[in-house]
>>> print(open('data_35.txt').read())   # compact mmCIF, N, CA and C atoms
# COMPACT_ATOMS: atom_id res chain seq x y z
N MET A 1 -0.83 23.89 0.64
CA MET A 1 -0.81 22.44 0.72
C MET A 1 -2.23 21.92 0.50
N VAL A 2 -2.39 20.96 -0.39
CA VAL A 2 -3.69 20.39 -0.71
C VAL A 2 -4.00 19.28 0.28
N SER A 3 -5.19 19.32 0.84
CA SER A 3 -5.62 18.27 1.76
C SER A 3 -6.27 17.16 0.96
N ILE A 4 -5.81 15.95 1.16
CA ILE A 4 -6.38 14.79 0.47
C ILE A 4 -6.87 13.83 1.54
N GLU A 5 -8.10 13.38 1.42
CA GLU A 5 -8.68 12.46 2.38
C GLU A 5 -9.18 11.24 1.62
N TRP A 6 -8.74 10.04 2.04
CA TRP A 6 -9.21 8.81 1.40
C TRP A 6 -10.55 8.45 1.98
N VAL A 7 -11.45 8.03 1.14
CA VAL A 7 -12.78 7.63 1.57
C VAL A 7 -13.14 6.32 0.89
N LEU A 8 -14.16 5.68 1.40
CA LEU A 8 -14.67 4.48 0.76
C LEU A 8 -16.00 4.85 0.13
N ALA A 9 -16.09 4.76 -1.16
CA ALA A 9 -17.32 5.11 -1.88
C ALA A 9 -18.01 3.82 -2.30
N VAL A 10 -19.29 3.91 -2.51
CA VAL A 10 -20.04 2.75 -2.98
C VAL A 10 -20.63 3.11 -4.33
N LYS A 11 -20.36 2.28 -5.31
CA LYS A 11 -20.88 2.51 -6.66
C LYS A 11 -21.49 1.21 -7.16
N GLU A 12 -22.75 1.25 -7.48
CA GLU A 12 -23.46 0.10 -8.02
C GLU A 12 -23.23 -1.15 -7.19
N GLY A 13 -23.31 -1.02 -5.87
CA GLY A 13 -23.22 -2.16 -4.98
C GLY A 13 -21.83 -2.67 -4.68
N SER A 14 -20.81 -2.09 -5.28
CA SER A 14 -19.45 -2.54 -4.99
C SER A 14 -18.67 -1.42 -4.31
N LYS A 15 -17.73 -1.81 -3.48
CA LYS A 15 -16.92 -0.82 -2.77
C LYS A 15 -15.78 -0.36 -3.68
N MET A 16 -15.53 0.92 -3.66
CA MET A 16 -14.44 1.50 -4.44
C MET A 16 -13.74 2.54 -3.58
N LYS A 17 -12.45 2.65 -3.71
CA LYS A 17 -11.73 3.69 -2.98
C LYS A 17 -11.78 4.98 -3.78
N GLY A 18 -11.82 6.08 -3.06
CA GLY A 18 -11.80 7.37 -3.70
C GLY A 18 -11.09 8.36 -2.81
N ILE A 19 -10.85 9.53 -3.32
CA ILE A 19 -10.23 10.59 -2.53
C ILE A 19 -11.07 11.85 -2.65
N ILE A 20 -10.96 12.66 -1.62
CA ILE A 20 -11.56 13.99 -1.70
C ILE A 20 -10.40 14.95 -1.91
N ARG A 21 -10.40 15.61 -3.05
CA ARG A 21 -9.33 16.55 -3.38
C ARG A 21 -9.99 17.87 -3.71
N GLU A 22 -9.57 18.90 -2.99
CA GLU A 22 -10.12 20.24 -3.20
C GLU A 22 -11.64 20.22 -3.17
N GLY A 23 -12.19 19.46 -2.22
CA GLY A 23 -13.63 19.43 -2.02
C GLY A 23 -14.41 18.57 -2.99
N LYS A 24 -13.75 17.87 -3.91
CA LYS A 24 -14.44 17.04 -4.89
C LYS A 24 -14.08 15.58 -4.66
N LEU A 25 -15.08 14.70 -4.73
CA LEU A 25 -14.86 13.27 -4.61
C LEU A 25 -14.38 12.72 -5.94
N ILE A 26 -13.24 12.06 -5.91
CA ILE A 26 -12.69 11.41 -7.10
C ILE A 26 -12.65 9.93 -6.79
N VAL A 27 -13.46 9.14 -7.48
CA VAL A 27 -13.53 7.70 -7.23
C VAL A 27 -12.54 7.00 -8.14
N LYS A 28 -11.77 6.11 -7.54
CA LYS A 28 -10.78 5.34 -8.28
C LYS A 28 -11.25 3.88 -8.27
N ASP A 29 -11.35 3.28 -9.43
CA ASP A 29 -11.68 1.87 -9.41
C ASP A 29 -10.39 1.09 -9.20
N GLY A 30 -10.52 -0.11 -8.69
CA GLY A 30 -9.36 -0.91 -8.31
C GLY A 30 -8.57 -1.38 -9.51
N HIS A 31 -7.27 -1.54 -9.32
CA HIS A 31 -6.40 -2.14 -10.33
C HIS A 31 -6.42 -3.64 -10.07
N THR A 32 -7.11 -4.38 -10.91
CA THR A 32 -7.28 -5.79 -10.65
C THR A 32 -6.48 -6.68 -11.60
N ASP A 33 -5.83 -6.09 -12.57
CA ASP A 33 -5.12 -6.92 -13.54
C ASP A 33 -3.72 -7.27 -13.06
N ALA A 34 -3.24 -8.43 -13.48
CA ALA A 34 -1.93 -8.93 -13.06
C ALA A 34 -0.80 -8.01 -13.49
N ALA A 35 -0.90 -7.39 -14.66
CA ALA A 35 0.17 -6.49 -15.13
C ALA A 35 0.38 -5.33 -14.16
N SER A 36 -0.71 -4.78 -13.62
CA SER A 36 -0.58 -3.70 -12.64
C SER A 36 0.10 -4.18 -11.37
N VAL A 37 -0.25 -5.39 -10.93
CA VAL A 37 0.34 -5.94 -9.71
C VAL A 37 1.83 -6.19 -9.92
N VAL A 38 2.20 -6.72 -11.07
CA VAL A 38 3.62 -6.96 -11.36
C VAL A 38 4.39 -5.64 -11.34
N ARG A 39 3.84 -4.60 -11.97
CA ARG A 39 4.49 -3.29 -11.99
C ARG A 39 4.64 -2.74 -10.58
N MET A 40 3.58 -2.86 -9.76
CA MET A 40 3.65 -2.35 -8.39
C MET A 40 4.66 -3.14 -7.56
N CYS A 41 4.72 -4.45 -7.75
CA CYS A 41 5.70 -5.27 -7.01
C CYS A 41 7.12 -4.89 -7.38
N LYS A 42 7.36 -4.63 -8.65
CA LYS A 42 8.70 -4.20 -9.09
C LYS A 42 9.05 -2.85 -8.48
N THR A 43 8.07 -1.96 -8.36
CA THR A 43 8.31 -0.67 -7.72
C THR A 43 8.64 -0.85 -6.25
N ILE A 44 7.91 -1.73 -5.57
CA ILE A 44 8.17 -2.02 -4.16
C ILE A 44 9.58 -2.56 -3.99
N ILE A 45 9.96 -3.51 -4.82
CA ILE A 45 11.30 -4.10 -4.75
C ILE A 45 12.38 -3.04 -4.95
N SER A 46 12.20 -2.20 -5.95
CA SER A 46 13.17 -1.15 -6.25
C SER A 46 13.33 -0.18 -5.08
N HIS A 47 12.21 0.26 -4.51
CA HIS A 47 12.28 1.21 -3.40
C HIS A 47 12.80 0.56 -2.13
N ALA A 48 12.46 -0.70 -1.91
CA ALA A 48 12.99 -1.41 -0.74
C ALA A 48 14.51 -1.54 -0.84
N GLN A 49 15.01 -1.84 -2.04
CA GLN A 49 16.46 -1.94 -2.23
C GLN A 49 17.12 -0.58 -2.00
N MET A 50 16.48 0.50 -2.45
CA MET A 50 17.00 1.84 -2.23
C MET A 50 17.15 2.13 -0.73
N ILE A 51 16.14 1.74 0.04
CA ILE A 51 16.20 1.95 1.50
C ILE A 51 17.33 1.13 2.10
N VAL A 52 17.41 -0.15 1.74
CA VAL A 52 18.46 -1.03 2.27
C VAL A 52 19.84 -0.48 1.93
N ASP A 53 20.02 -0.01 0.70
CA ASP A 53 21.31 0.52 0.27
C ASP A 53 21.73 1.76 1.05
N HIS A 54 20.78 2.51 1.57
CA HIS A 54 21.10 3.73 2.31
C HIS A 54 21.23 3.53 3.81
N LEU A 55 20.98 2.31 4.27
CA LEU A 55 21.12 2.01 5.69
C LEU A 55 22.46 1.33 5.92
N ASP A 56 23.51 2.14 5.91
CA ASP A 56 24.87 1.61 6.07
C ASP A 56 25.12 1.02 7.44
N ASN A 57 24.56 1.64 8.47
CA ASN A 57 24.80 1.22 9.84
C ASN A 57 23.54 0.58 10.42
N PRO A 58 23.57 -0.75 10.65
CA PRO A 58 22.38 -1.41 11.18
C PRO A 58 22.03 -0.96 12.60
N GLU A 59 22.94 -0.28 13.27
CA GLU A 59 22.69 0.22 14.63
C GLU A 59 22.21 1.68 14.64
N ALA A 60 22.04 2.27 13.47
CA ALA A 60 21.64 3.68 13.39
C ALA A 60 20.25 3.89 13.99
N ASP A 61 20.06 5.03 14.62
CA ASP A 61 18.74 5.41 15.15
C ASP A 61 17.93 6.00 14.00
N LEU A 62 16.74 5.49 13.83
CA LEU A 62 15.85 5.99 12.80
C LEU A 62 14.61 6.57 13.47
N PRO A 63 13.98 7.55 12.83
CA PRO A 63 12.78 8.14 13.42
C PRO A 63 11.66 7.10 13.54
N THR A 64 10.86 7.23 14.57
CA THR A 64 9.76 6.30 14.81
C THR A 64 8.80 6.26 13.63
N TRP A 65 8.49 7.44 13.04
CA TRP A 65 7.56 7.46 11.91
C TRP A 65 8.08 6.61 10.76
N PHE A 66 9.41 6.59 10.58
CA PHE A 66 10.01 5.83 9.49
C PHE A 66 9.89 4.33 9.75
N THR A 67 10.26 3.90 10.95
CA THR A 67 10.18 2.47 11.26
C THR A 67 8.72 2.00 11.26
N ASN A 68 7.79 2.87 11.66
CA ASN A 68 6.38 2.50 11.61
C ASN A 68 5.91 2.28 10.17
N LYS A 69 6.34 3.15 9.26
CA LYS A 69 5.98 2.98 7.85
C LYS A 69 6.51 1.66 7.30
N ILE A 70 7.73 1.32 7.66
CA ILE A 70 8.31 0.07 7.18
C ILE A 70 7.56 -1.12 7.77
N ALA A 71 7.20 -1.05 9.05
CA ALA A 71 6.48 -2.15 9.70
C ALA A 71 5.11 -2.36 9.04
N VAL A 72 4.39 -1.28 8.78
CA VAL A 72 3.08 -1.39 8.14
C VAL A 72 3.23 -1.95 6.73
N SER A 73 4.23 -1.46 6.01
CA SER A 73 4.48 -1.94 4.64
C SER A 73 4.80 -3.43 4.64
N GLU A 74 5.64 -3.85 5.57
CA GLU A 74 5.99 -5.27 5.66
C GLU A 74 4.73 -6.11 5.89
N TYR A 75 3.89 -5.68 6.82
CA TYR A 75 2.66 -6.41 7.13
C TYR A 75 1.79 -6.55 5.89
N GLU A 76 1.61 -5.46 5.17
CA GLU A 76 0.75 -5.48 3.98
C GLU A 76 1.32 -6.37 2.88
N VAL A 77 2.63 -6.30 2.64
CA VAL A 77 3.24 -7.12 1.60
C VAL A 77 3.17 -8.60 1.99
N VAL A 78 3.43 -8.91 3.25
CA VAL A 78 3.35 -10.30 3.72
C VAL A 78 1.92 -10.82 3.58
N SER A 79 0.92 -9.99 3.92
CA SER A 79 -0.48 -10.39 3.78
C SER A 79 -0.82 -10.70 2.32
N ALA A 80 -0.36 -9.86 1.41
CA ALA A 80 -0.61 -10.09 -0.02
C ALA A 80 0.08 -11.37 -0.49
N ALA A 81 1.32 -11.58 -0.05
CA ALA A 81 2.06 -12.79 -0.43
C ALA A 81 1.38 -14.04 0.13
N ASN A 82 0.88 -13.96 1.36
CA ASN A 82 0.16 -15.10 1.94
C ASN A 82 -1.10 -15.42 1.13
N TYR A 83 -1.78 -14.37 0.68
CA TYR A 83 -2.98 -14.59 -0.14
C TYR A 83 -2.62 -15.29 -1.45
N ILE A 84 -1.57 -14.83 -2.11
CA ILE A 84 -1.14 -15.45 -3.36
C ILE A 84 -0.71 -16.89 -3.12
N ASN A 85 0.01 -17.11 -2.01
CA ASN A 85 0.55 -18.43 -1.73
C ASN A 85 -0.52 -19.43 -1.33
N ASP A 86 -1.42 -19.04 -0.43
CA ASP A 86 -2.37 -20.03 0.09
C ASP A 86 -3.79 -19.51 0.29
N GLY A 87 -4.09 -18.34 -0.25
CA GLY A 87 -5.44 -17.79 -0.14
C GLY A 87 -5.73 -17.14 1.19
N ASP A 88 -4.76 -17.05 2.11
CA ASP A 88 -4.97 -16.47 3.43
C ASP A 88 -4.62 -15.00 3.39
N MET A 89 -5.62 -14.12 3.57
CA MET A 89 -5.38 -12.69 3.55
C MET A 89 -5.38 -12.14 4.97
N ASP A 90 -5.10 -13.00 5.95
CA ASP A 90 -5.01 -12.59 7.35
C ASP A 90 -6.26 -11.86 7.79
N HIS A 91 -7.39 -12.37 7.35
CA HIS A 91 -8.71 -11.87 7.72
C HIS A 91 -9.03 -10.48 7.20
N HIS A 92 -8.36 -10.01 6.16
CA HIS A 92 -8.78 -8.74 5.58
C HIS A 92 -9.46 -9.00 4.24
N GLN A 93 -10.36 -8.08 3.95
CA GLN A 93 -11.02 -8.12 2.65
C GLN A 93 -10.51 -6.98 1.78
N ASP A 94 -10.88 -5.76 2.11
CA ASP A 94 -10.46 -4.59 1.32
C ASP A 94 -9.67 -3.66 2.20
N GLY A 95 -8.34 -3.74 2.09
CA GLY A 95 -7.50 -2.78 2.78
C GLY A 95 -7.37 -3.04 4.20
>>> encode(input="data_35.txt", output="structure tokens")
Amino acid sequence: MVSIEWVLAVKEGSKMKGIIREGKLIVKDGHTDAASVVRMCKTIISHAQMIVDHLDNPEADLPTWFTNKIAVSEYEVVSAANYINDGDMDHHQDG
């Protein structure tokens, strides 16, 4: 199993996210174009619908790790939507 660790790297005065994979730092620059955001939103919608479609019983017990992932995802999507709607990013800058 490969260990991957997310780090925050600094390049030429700007913050960039990167990962350490197999002992090497791989810096990823941000996806800032609207086309990337549209594609990612469509992926989120598709996967959210897949989850909803598989939850036949609203009273079913789900693992805590699963509900935590959904809660965090909801928070992040709502924060992004608030930013688009009114410029409010709920006091976050990067991540």
>>> atom_distance(input="data_35.txt", atom1="atom CA of Glu76 of chain A", atom2="atom CA of Ile44 of chain A")
11.5 Å
>>> closest_residue(input="data_35.txt", among="A:Lys42, A:Val37, A:Asp56, A:Asp61", to="Ala80 of chain A", atoms="only C-alpha atoms")
A:Val37
>>> atom_distance(input="data_35.txt", atom1="atom CA of Ala81 of chain A", atom2="atom CA of Thr43 of chain A")
15.5 Å
>>> axis_aligned_box(input="data_35.txt", around="segment 77-84 of chain A", padding_each_side="6 Å", output="AutoDock Vina command-line options")
--center_x 0.2 --center_y -11.6 --center_z 0.3 --size_x 18.4 --size_y 22.6 --size_z 19.3
>>> atom_distance(input="data_35.txt", atom1="atom C of Asp33 of chain A", atom2="atom N of Val52 of chain A")
26.8 Å
>>> closest_residue(input="data_35.txt", among="A:Asn85, A:Ser79, A:Thr64, A:Ser73", to="Ile45 of chain A", atoms="only C-alpha atoms")
A:Ser73
